[in-house]
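Novice: Handing over upload_8.csv, CSV, C-alpha atoms.
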chain,number,residue,atom,x,y,z
A,14,MET,CA,19.1,32.9,-18.2
A,15,GLU,CA,21.2,33.4,-21.4
A,16,GLU,CA,19.3,34.4,-24.6
A,17,GLY,CA,18.5,31.5,-26.9
A,18,CYS,CA,18.6,28.9,-24.1
A,19,ASN,CA,15.8,26.3,-24.3
A,20,PHE,CA,15.9,25.4,-20.6
A,21,ARG,CA,13.0,26.4,-18.4
A,22,HIS,CA,13.2,27.8,-14.9
A,23,TRP,CA,12.2,25.3,-12.3
A,24,ASP,CA,9.2,27.4,-11.4
A,25,GLN,CA,8.0,27.3,-15.0
A,26,LEU,CA,7.7,23.5,-15.3
A,27,ILE,CA,4.3,22.2,-16.0
A,28,PRO,CA,2.5,20.8,-12.9
A,29,ASP,CA,2.6,17.2,-14.2
A,30,ALA,CA,6.4,17.3,-14.4
A,31,LEU,CA,6.7,18.9,-11.0
A,32,GLY,CA,4.4,16.2,-9.6
A,33,LEU,CA,6.7,13.4,-11.0
A,34,ILE,CA,9.7,15.1,-9.4
A,35,PHE,CA,8.2,15.7,-6.0
A,36,ARG,CA,7.1,12.1,-5.7
A,37,ASN,CA,10.7,11.3,-5.0
A,38,LEU,CA,10.7,13.5,-1.9
A,39,SER,CA,9.6,12.6,1.6
A,40,LEU,CA,6.1,13.3,2.8
A,41,GLN,CA,7.4,15.9,5.2
A,42,ASP,CA,9.3,17.8,2.4
A,43,ILE,CA,6.3,17.8,0.1
A,44,LEU,CA,4.0,19.2,2.7
A,45,THR,CA,6.2,21.6,4.5
A,46,VAL,CA,9.2,22.6,2.4
A,47,ILE,CA,8.1,22.5,-1.3
A,48,PRO,CA,5.1,25.0,-0.8
A,49,ARG,CA,7.5,27.6,0.5
A,50,VAL,CA,9.7,27.7,-2.6
A,51,CYS,CA,7.5,29.5,-5.1
A,52,LYS,CA,3.9,29.9,-6.1
A,53,SER,CA,3.9,27.3,-8.9
A,54,TRP,CA,5.4,24.7,-6.6
A,55,ALA,CA,2.8,25.5,-4.0
A,56,ASN,CA,0.1,25.1,-6.6
A,57,ALA,CA,1.5,21.7,-7.7
A,58,VAL,CA,1.4,20.4,-4.1
A,59,MET,CA,-2.2,21.6,-3.7
A,60,GLY,CA,-3.3,19.8,-6.9
A,61,PRO,CA,-3.6,16.2,-7.9
A,62,TYR,CA,-0.2,16.0,-9.6
A,63,CYS,CA,1.7,14.9,-6.4
A,64,TRP,CA,-1.1,12.7,-5.1
A,65,GLN,CA,-1.9,10.2,-7.9
A,66,GLU,CA,0.2,7.8,-6.0
A,67,ILE,CA,0.0,8.2,-2.2
A,68,ASP,CA,2.4,6.1,-0.2
A,69,ILE,CA,2.3,6.9,3.5
A,70,GLU,CA,2.8,3.3,4.7
A,71,GLU,CA,6.1,4.0,6.5
A,72,TRP,CA,4.8,7.3,8.0
A,73,SER,CA,1.6,5.6,9.2
A,74,ARG,CA,3.5,2.7,10.6
A,75,GLN,CA,5.0,5.0,13.2
A,76,LEU,CA,1.8,6.8,14.0
A,77,CYS,CA,-0.1,5.9,17.2
A,78,GLN,CA,-3.1,8.3,16.8
A,79,PRO,CA,-5.8,7.0,14.4
A,80,GLU,CA,-7.4,10.4,14.2
A,81,LYS,CA,-4.3,12.0,12.7
A,82,LEU,CA,-4.0,9.2,10.1
A,83,ASP,CA,-7.6,9.7,9.2
A,84,ARG,CA,-7.1,13.5,8.7
A,85,MET,CA,-4.0,12.9,6.6
A,86,LEU,CA,-5.9,10.5,4.4
A,87,GLN,CA,-8.8,12.9,4.0
A,88,MET,CA,-6.4,15.7,3.0
A,89,LEU,CA,-4.3,13.8,0.5
A,90,ILE,CA,-7.2,11.9,-1.1
A,91,ALA,CA,-9.1,15.2,-1.5
A,92,ARG,CA,-6.0,16.6,-3.3
A,93,SER,CA,-5.9,13.6,-5.7
A,94,CYS,CA,-9.2,14.9,-7.2
A,95,GLY,CA,-10.3,11.5,-8.3
A,96,SER,CA,-7.0,10.6,-10.0
A,97,LEU,CA,-5.7,8.3,-7.3
A,98,ARG,CA,-3.9,5.2,-8.8
A,99,LYS,CA,-2.0,3.9,-5.9
A,100,LEU,CA,-2.5,4.0,-2.1
A,101,CYS,CA,-0.3,2.4,0.6
A,102,VAL,CA,-1.2,2.9,4.2
A,103,PHE,CA,-0.6,0.9,7.4
A,104,GLY,CA,-3.1,0.3,10.1
A,105,LEU,CA,-6.4,1.8,9.0
A,106,SER,CA,-8.4,2.1,12.3
A,107,SER,CA,-12.0,1.9,11.1
A,108,ASP,CA,-14.4,1.0,8.4
A,109,LEU,CA,-15.1,4.7,7.8
A,110,SER,CA,-11.6,5.2,6.5
A,111,PHE,CA,-11.9,2.2,4.1
A,112,SER,CA,-15.2,3.6,2.9
A,113,LEU,CA,-13.5,7.0,2.2
A,114,ILE,CA,-10.9,5.2,0.1
A,115,SER,CA,-13.5,3.3,-1.9
A,116,ASP,CA,-15.4,6.6,-2.6
A,117,HIS,CA,-12.3,7.8,-4.5
A,118,ALA,CA,-11.2,4.5,-6.1
A,119,LYS,CA,-12.4,5.0,-9.6
A,120,SER,CA,-8.8,4.9,-11.0
A,121,LEU,CA,-7.2,3.0,-8.1
A,122,GLN,CA,-5.1,0.1,-9.2
A,123,THR,CA,-2.8,-0.6,-6.3
A,124,LEU,CA,-4.2,-0.8,-2.8
A,125,ARG,CA,-2.0,-1.8,0.2
A,126,LEU,CA,-3.7,-1.8,3.6
A,127,PRO,CA,-1.6,-4.1,5.9
A,128,SER,CA,-2.7,-4.4,9.6
A,129,SER,CA,-5.9,-2.5,9.0
A,130,GLU,CA,-8.9,-2.9,11.3
A,131,ILE,CA,-11.5,-3.3,8.6
A,132,SER,CA,-14.5,-5.7,8.7
A,133,ASP,CA,-16.1,-8.2,6.4
A,134,SER,CA,-19.2,-6.1,6.3
A,135,ILE,CA,-17.6,-2.9,5.0
A,136,VAL,CA,-15.7,-4.8,2.4
A,137,GLU,CA,-18.9,-6.5,1.2
A,138,GLN,CA,-20.6,-3.1,1.0
A,139,VAL,CA,-17.9,-1.2,-0.9
A,140,ALA,CA,-16.1,-3.9,-3.0
A,141,GLY,CA,-18.0,-2.8,-6.1
A,142,ARG,CA,-16.2,0.5,-6.0
A,143,LEU,CA,-12.8,-1.2,-6.2
A,144,SER,CA,-13.3,-2.8,-9.6
A,145,SER,CA,-10.2,-1.3,-11.1
A,146,VAL,CA,-7.8,-2.7,-8.5
A,147,THR,CA,-5.1,-5.1,-9.8
A,148,PHE,CA,-2.9,-5.4,-6.7
A,149,LEU,CA,-4.4,-5.8,-3.2
A,150,ASP,CA,-2.5,-6.2,0.1
A,151,ILE,CA,-4.7,-7.1,3.0
A,152,SER,CA,-2.0,-8.8,5.1
A,153,TYR,CA,-2.4,-8.9,8.9
A,154,CYS,CA,-6.0,-7.7,8.6
A,155,ARG,CA,-7.4,-9.8,11.4
A,156,MET,CA,-11.1,-8.9,11.2
A,157,ILE,CA,-11.7,-10.0,7.7
A,158,GLY,CA,-12.1,-13.5,6.3
A,159,ALA,CA,-13.8,-15.5,3.6
A,160,PRO,CA,-16.8,-13.2,3.1
A,161,ALA,CA,-14.5,-10.2,2.4
A,162,LEU,CA,-12.3,-12.2,0.0
A,163,GLU,CA,-15.4,-13.5,-1.9
A,164,ALA,CA,-16.7,-10.0,-2.3
A,165,ILE,CA,-13.3,-8.8,-3.5
A,166,GLY,CA,-13.1,-11.6,-6.0
A,167,LYS,CA,-16.6,-11.0,-7.4
A,168,HIS,CA,-16.1,-7.3,-8.0
A,169,CYS,CA,-12.3,-6.9,-8.7
A,170,LYS,CA,-12.2,-8.7,-12.0
A,171,PHE,CA,-8.8,-7.3,-12.9
A,172,LEU,CA,-7.1,-8.5,-9.7
A,173,THR,CA,-3.8,-10.2,-10.6
A,174,ARG,CA,-1.9,-9.9,-7.3
A,175,LEU,CA,-3.2,-10.7,-3.8
A,176,ARG,CA,-1.2,-10.5,-0.6
A,177,ARG,CA,-2.9,-12.2,2.3
A,178,THR,CA,0.0,-12.9,4.7
A,179,MET,CA,-0.6,-13.4,8.4
A,180,HIS,CA,1.5,-13.3,11.6
A,181,PRO,CA,1.6,-16.7,13.3
A,182,LEU,CA,0.4,-15.1,16.6
A,183,GLU,CA,-2.7,-13.6,14.8
A,184,VAL,CA,-4.0,-17.0,13.7
A,185,ILE,CA,-3.2,-18.9,16.9
A,186,ASP,CA,-6.8,-18.9,18.0
A,187,LYS,CA,-8.2,-20.1,14.6
A,188,LEU,CA,-8.8,-23.8,13.7
A,189,SER,CA,-8.7,-23.3,9.9
A,190,GLN,CA,-8.7,-20.6,7.2
A,191,ASP,CA,-9.5,-23.0,4.3
A,192,ASP,CA,-12.6,-21.1,3.7
A,193,GLU,CA,-10.5,-18.1,2.7
A,194,ALA,CA,-8.5,-20.2,0.2
A,195,LEU,CA,-11.7,-21.7,-1.3
A,196,ALA,CA,-13.1,-18.1,-1.7
A,197,ILE,CA,-10.0,-17.2,-3.6
A,198,ALA,CA,-10.3,-20.3,-5.7
A,199,ALA,CA,-13.9,-19.7,-6.6
A,200,THR,CA,-13.7,-16.0,-7.4
A,201,MET,CA,-10.2,-14.9,-8.5
A,202,PRO,CA,-9.3,-16.9,-11.7
A,203,LYS,CA,-7.0,-14.1,-13.0
A,204,LEU,CA,-4.5,-14.2,-10.2
A,205,LYS,CA,-0.8,-14.4,-11.2
A,206,HIS,CA,0.8,-13.8,-7.8
A,207,LEU,CA,-0.7,-15.1,-4.5
A,208,GLU,CA,0.9,-14.8,-1.1
A,209,LEU,CA,-0.7,-16.8,1.7
A,210,ALA,CA,2.2,-17.1,4.1
A,211,TYR,CA,1.2,-18.4,7.6
A,212,LEU,CA,-2.4,-18.8,6.6
A,213,LEU,CA,-4.0,-21.9,8.2
A,214,VAL,CA,-4.8,-23.7,5.0
A,215,GLY,CA,-4.4,-27.3,3.9
A,216,THR,CA,-3.4,-29.2,0.8
A,217,LYS,CA,-7.0,-29.7,-0.5
A,218,SER,CA,-7.9,-26.0,-0.5
A,219,VAL,CA,-4.5,-25.0,-2.1
A,220,LEU,CA,-5.1,-27.5,-4.8
A,221,ALA,CA,-8.5,-25.9,-5.4
A,222,ILE,CA,-6.7,-22.6,-6.0
A,223,LEU,CA,-4.2,-24.2,-8.4
A,224,ALA,CA,-7.1,-25.9,-10.3
A,225,ASN,CA,-9.1,-22.7,-10.7
A,226,CYS,CA,-6.4,-20.0,-11.0
A,227,ARG,CA,-4.7,-21.3,-14.1
A,228,GLU,CA,-2.7,-18.1,-14.8
A,229,LEU,CA,-0.9,-18.3,-11.4
A,230,GLU,CA,2.8,-17.8,-11.7
A,231,LEU,CA,3.8,-17.5,-8.0
A,232,LEU,CA,2.3,-19.1,-5.0
A,233,ASP,CA,3.7,-18.3,-1.6
A,234,VAL,CA,2.7,-20.8,1.1
A,235,ARG,CA,5.6,-20.3,3.5
A,236,GLY,CA,4.6,-21.3,7.0
A,237,CYS,CA,1.5,-23.1,5.8
A,238,TRP,CA,2.5,-26.2,7.6
A,239,ASN,CA,-0.6,-28.3,6.6
A,240,VAL,CA,0.2,-27.9,2.9
A,241,ASP,CA,2.0,-30.8,1.3
A,242,LEU,CA,2.4,-30.4,-2.5
A,243,ASP,CA,4.1,-33.0,-4.5
A,244,GLU,CA,6.9,-31.3,-6.5
A,245,LYS,CA,6.6,-33.6,-9.5
A,246,PHE,CA,2.8,-33.2,-9.6
A,247,VAL,CA,3.1,-29.4,-9.6
A,248,LYS,CA,5.8,-29.3,-12.3
A,249,LYS,CA,3.8,-31.7,-14.5
A,250,ASN,CA,0.4,-30.1,-14.2
A,251,PHE,CA,1.2,-26.4,-13.6
A,252,THR,CA,3.9,-25.4,-16.0
A,253,GLY,CA,5.5,-22.1,-15.2
A,254,LEU,CA,4.2,-22.0,-11.6
A,255,LYS,CA,6.7,-21.4,-8.8
A,256,VAL,CA,5.7,-22.5,-5.3
A,257,VAL,CA,7.5,-21.0,-2.3
A,258,GLY,CA,7.2,-22.9,1.0
A,259,PRO,CA,5.8,-24.3,3.2
A,260,LEU,CA,9.3,-24.5,4.7
A,261,VAL,CA,10.9,-21.2,5.6
A,262,ASP,CA,14.6,-20.8,4.8
A,263,ARG,CA,15.9,-17.3,4.6
A,264,TYR,CA,18.9,-18.3,2.5
A,265,GLU,CA,16.7,-19.7,-0.2
A,266,MET,CA,14.5,-16.6,-0.3
A,267,ASN,CA,17.0,-13.9,-1.4
A,268,GLY,CA,16.0,-14.3,-5.0
A,269,TRP,CA,12.3,-14.0,-4.4
A,270,ASP,CA,12.3,-10.4,-3.1
A,271,ASN,CA,11.8,-8.9,-6.6
A,272,CYS,CA,9.0,-11.3,-7.4
A,273,LEU,CA,7.2,-10.7,-4.2
A,274,GLY,CA,7.5,-6.9,-4.4
A,275,SER,CA,8.8,-4.6,-1.6
A,276,SER,CA,7.7,-5.7,1.8
A,277,SER,CA,9.2,-4.6,5.1
A,278,TYR,CA,8.0,-7.7,6.9
A,279,MET,CA,8.8,-10.9,5.0
A,280,ALA,CA,7.7,-14.2,6.4
A,281,TRP,CA,11.0,-15.3,7.8
A,282,ASP,CA,11.0,-12.3,10.1
A,283,PHE,CA,8.5,-14.3,12.2
A,284,VAL,CA,10.5,-17.5,12.7
A,285,ALA,CA,10.7,-18.4,16.3
A,286,GLY,CA,13.6,-16.6,18.0
A,287,GLU,CA,13.5,-13.7,15.5
A,288,MET,CA,10.0,-12.4,16.0
A,289,ASP,CA,10.7,-8.7,16.6
A,290,ASP,CA,7.5,-6.8,16.9
A,291,TYR,CA,6.6,-5.9,13.4
A,292,TYR,CA,4.5,-3.0,14.6
A,293,ASP,CA,7.6,-1.3,16.0
A,294,GLU,CA,9.8,-1.4,12.8
A,295,ILE,CA,11.8,1.8,12.4
A,296,SER,CA,13.1,3.2,9.0
A,297,ASP,CA,15.9,5.6,8.5
A,298,GLY,CA,15.0,9.1,7.3
A,299,PHE,CA,11.6,8.9,8.8
A,300,TRP,CA,9.3,11.8,9.6
A,301,GLU,CA,9.9,12.1,13.3
A,302,ASP,CA,8.5,15.6,13.6
A,303,ASP,CA,5.8,16.0,16.3
A,304,GLN,CA,4.0,18.7,14.3
A,305,TYR,CA,0.3,18.0,14.1
A,306,ILE,CA,-1.3,17.4,10.8
A,307,GLU,CA,-3.7,20.2,11.4
A,308,ASP,CA,-0.7,22.5,11.8
A,309,VAL,CA,0.6,21.5,8.4
A,310,GLU,CA,-2.8,22.1,6.8
A,311,MET,CA,-3.4,25.5,8.6
A,312,TRP,CA,0.1,26.7,7.9
A,313,PHE,CA,-0.1,25.9,4.2
A,314,TYR,CA,-3.5,27.3,3.6
A,315,HIS,CA,-2.9,30.5,5.6
A,316,SER,CA,0.6,31.2,4.3
A,317,PHE,CA,-0.4,30.5,0.7
A,318,PHE,CA,-3.6,32.5,0.4
A,319,ASP,CA,-2.3,35.3,2.6
A,320,ALA,CA,0.7,35.7,0.2
A,321,VAL,CA,-1.6,35.7,-2.8
A,322,ASP,CA,-3.9,38.3,-1.3
A,323,ALA,CA,-0.9,40.5,-0.4
A,324,GLY,CA,0.6,40.3,-3.9
A,325,PHE,CA,3.6,38.5,-2.5
A,326,ASP,CA,6.6,38.3,-5.0
A,327,TRP,CA,7.3,34.6,-4.9
A,328,PRO,CA,11.0,33.6,-5.0
A,329,GLN,CA,12.2,32.4,-8.4
A,330,SER,CA,14.4,29.4,-8.9
A,331,PRO,CA,18.1,30.0,-9.4
Once you've parsed the file, please lay out its structure as structure tokens.

Specialist:
Amino acid sequence: MEEGCNFRHWDQLIPDALGLIFRNLSLQDILTVIPRVCKSWANAVMGPYCWQEIDIEEWSRQLCQPEKLDRMLQMLIARSCGSLRKLCVFGLSSDLSFSLISDHAKSLQTLRLPSSEISDSIVEQVAGRLSSVTFLDISYCRMIGAPALEAIGKHCKFLTRLRRTMHPLEVIDKLSQDDEALAIAATMPKLKHLELAYLLVGTKSVLAILANCRELELLDVRGCWNVDLDEKFVKKNFTGLKVVGPLVDRYEMNGWDNCLGSSSYMAWDFVAGEMDDYYDEISDGFWEDDQYIEDVEMWFYHSFFDAVDAGFDWPQSP
């Protein structure tokens, strides 16, 4: 580098800066490519700087082996060293995994767990550890109901966004989910965005939500066919509130994507005749490598520490 130049080599950037840069890469690149570049980059990947925000939702969506997902979560959460602020994962397979997350949730603000097999009992047990969460996505979680929502509302006092969307086929055996709506109304007064698409709720329970959640800005009741809200009544009594649904019209929903946040399975995907199996969605650029998670861990640990012991001269950035 020329004398007097103020630019740093890539390998001389502080770990915080490297972490911000590496977050833009794929999970595969972070775990298998970045550690090979140089020692400082390997250190950054090992530390919490890359793992304050863990988004493995797309990766886990394609994974069929729960034990591999559990091991990946254990590895990445351990690397966050208590600094985890955001976690997105699809299809947790057990209460044990949810308990692991709650044990490291001191700084957690965003938690997305769509299609997870978690129970009311585990949520009631660990909800107190999720007190800093402001955005929670428990869509398509079939095994939880009003008890879990009540526990979340009592302990997550900073919760402002809740996504509790269901698939029509997952509620076909239920008579009503009004108890869930009433639990939300009774315990979550700070909500600003609430998504209840295809939940089996009626007008009375939704009005209870509106009466108690006075800060609500967006209510999504698409596919909640038993809800009948008078438009004039809503505009008169709930200024600033936007209600979406219960009718589903894809052409009217284009402008709502930014409000609802990124979601790979919006409610209109489930309209009759268009219900592709949402468990089988495929994304471009996905990690399709069959390499086992334990291979990633073992390769990294052995190659990194063997190189250190041997006094390996790590490559420098160009």

Novice: Residues proximal to (-13.7, 2.7, -4.4) were defined as those with any atom within 12 Å of that point in the file's coordinates, counting all atoms listed in the file. Which are they, as a PyMOL selection string?

Specialist: chain A and resi 90+95-100+110-124+135-146+165+168-169

Novice: Report the distance between CA of Pro202 (chain A) and CA of Asp241 (chain A) in Å, rounded to one decimal place.

Specialist: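 Atom-to-atom, CA of Pro202 (chain A) to CA of Asp241 (chain A), that is 22.1 Å.
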
Novice: Counting only C-alpha atoms, which of A:Ala199, A:Lys205, A:Arg125, A:Asp233 gets nearest to Ser218 (chain A)?

Specialist: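 The closest residue to Ser218 (chain A) is A:Ala199.
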
Novice: Can you tell me how far CA of Glu193 (chain A) sits from CA of Leu213 (chain A), in Å to one decimal?

Specialist: 9.3 Å

Novice: Using all atoms listed in the file for the distances, tell me which of A:Asp186, A:Lys52, A:Leu223, A:Asp133 is nearest to Phe246 (chain A).

Specialist: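 Counting all atoms listed in the file, the residue closest to Phe246 (chain A) is A:Leu223.
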
Novice: CA of Leu33 (chain A) and CA of Met85 (chain A) are how many Å apart?

Specialist: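 A separation of 20.6 Å between them.
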
Novice: Which residue, A:Asp192, A:Leu89, A:Met201, A:Ser134, has the smallest gap to Lys167 (chain A) when you use only C-alpha atoms?

Specialist: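 Of all the options, A:Met201 lies closest to Lys167 (chain A).
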
Novice: Quick one: residues within 10 Å of Ala224 (chain A), only C-alpha atoms, excluding same-chain residues fewer than 3 positions away - as number ranges by chain?

Specialist: A: 198-199, 202, 218-221, 227, 229, 250-251

Novice: For the selection just defined, write its residues with C-alpha atoms to a file, as a PDB file, keeping the file's coordinate frame.

Specialist:
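Generated file (out-v5.pdb):
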ATOM      1  CA  ALA A 198     -10.300 -20.300  -5.700  1.00  0.00           C
ATOM      2  CA  ALA A 199     -13.900 -19.700  -6.600  1.00  0.00           C
ATOM      3  CA  PRO A 202      -9.300 -16.900 -11.700  1.00  0.00           C
ATOM      4  CA  SER A 218      -7.900 -26.000  -0.500  1.00  0.00           C
ATOM      5  CA  VAL A 219      -4.500 -25.000  -2.100  1.00  0.00           C
ATOM      6  CA  LEU A 220      -5.100 -27.500  -4.800  1.00  0.00           C
ATOM      7  CA  ALA A 221      -8.500 -25.900  -5.400  1.00  0.00           C
ATOM      8  CA  ARG A 227      -4.700 -21.300 -14.100  1.00  0.00           C
ATOM      9  CA  LEU A 229      -0.900 -18.300 -11.400  1.00  0.00           C
ATOM     10  CA  ASN A 250       0.400 -30.100 -14.200  1.00  0.00           C
ATOM     11  CA  PHE A 251       1.200 -26.400 -13.600  1.00  0.00           C
TER      12      PHE A 251
END
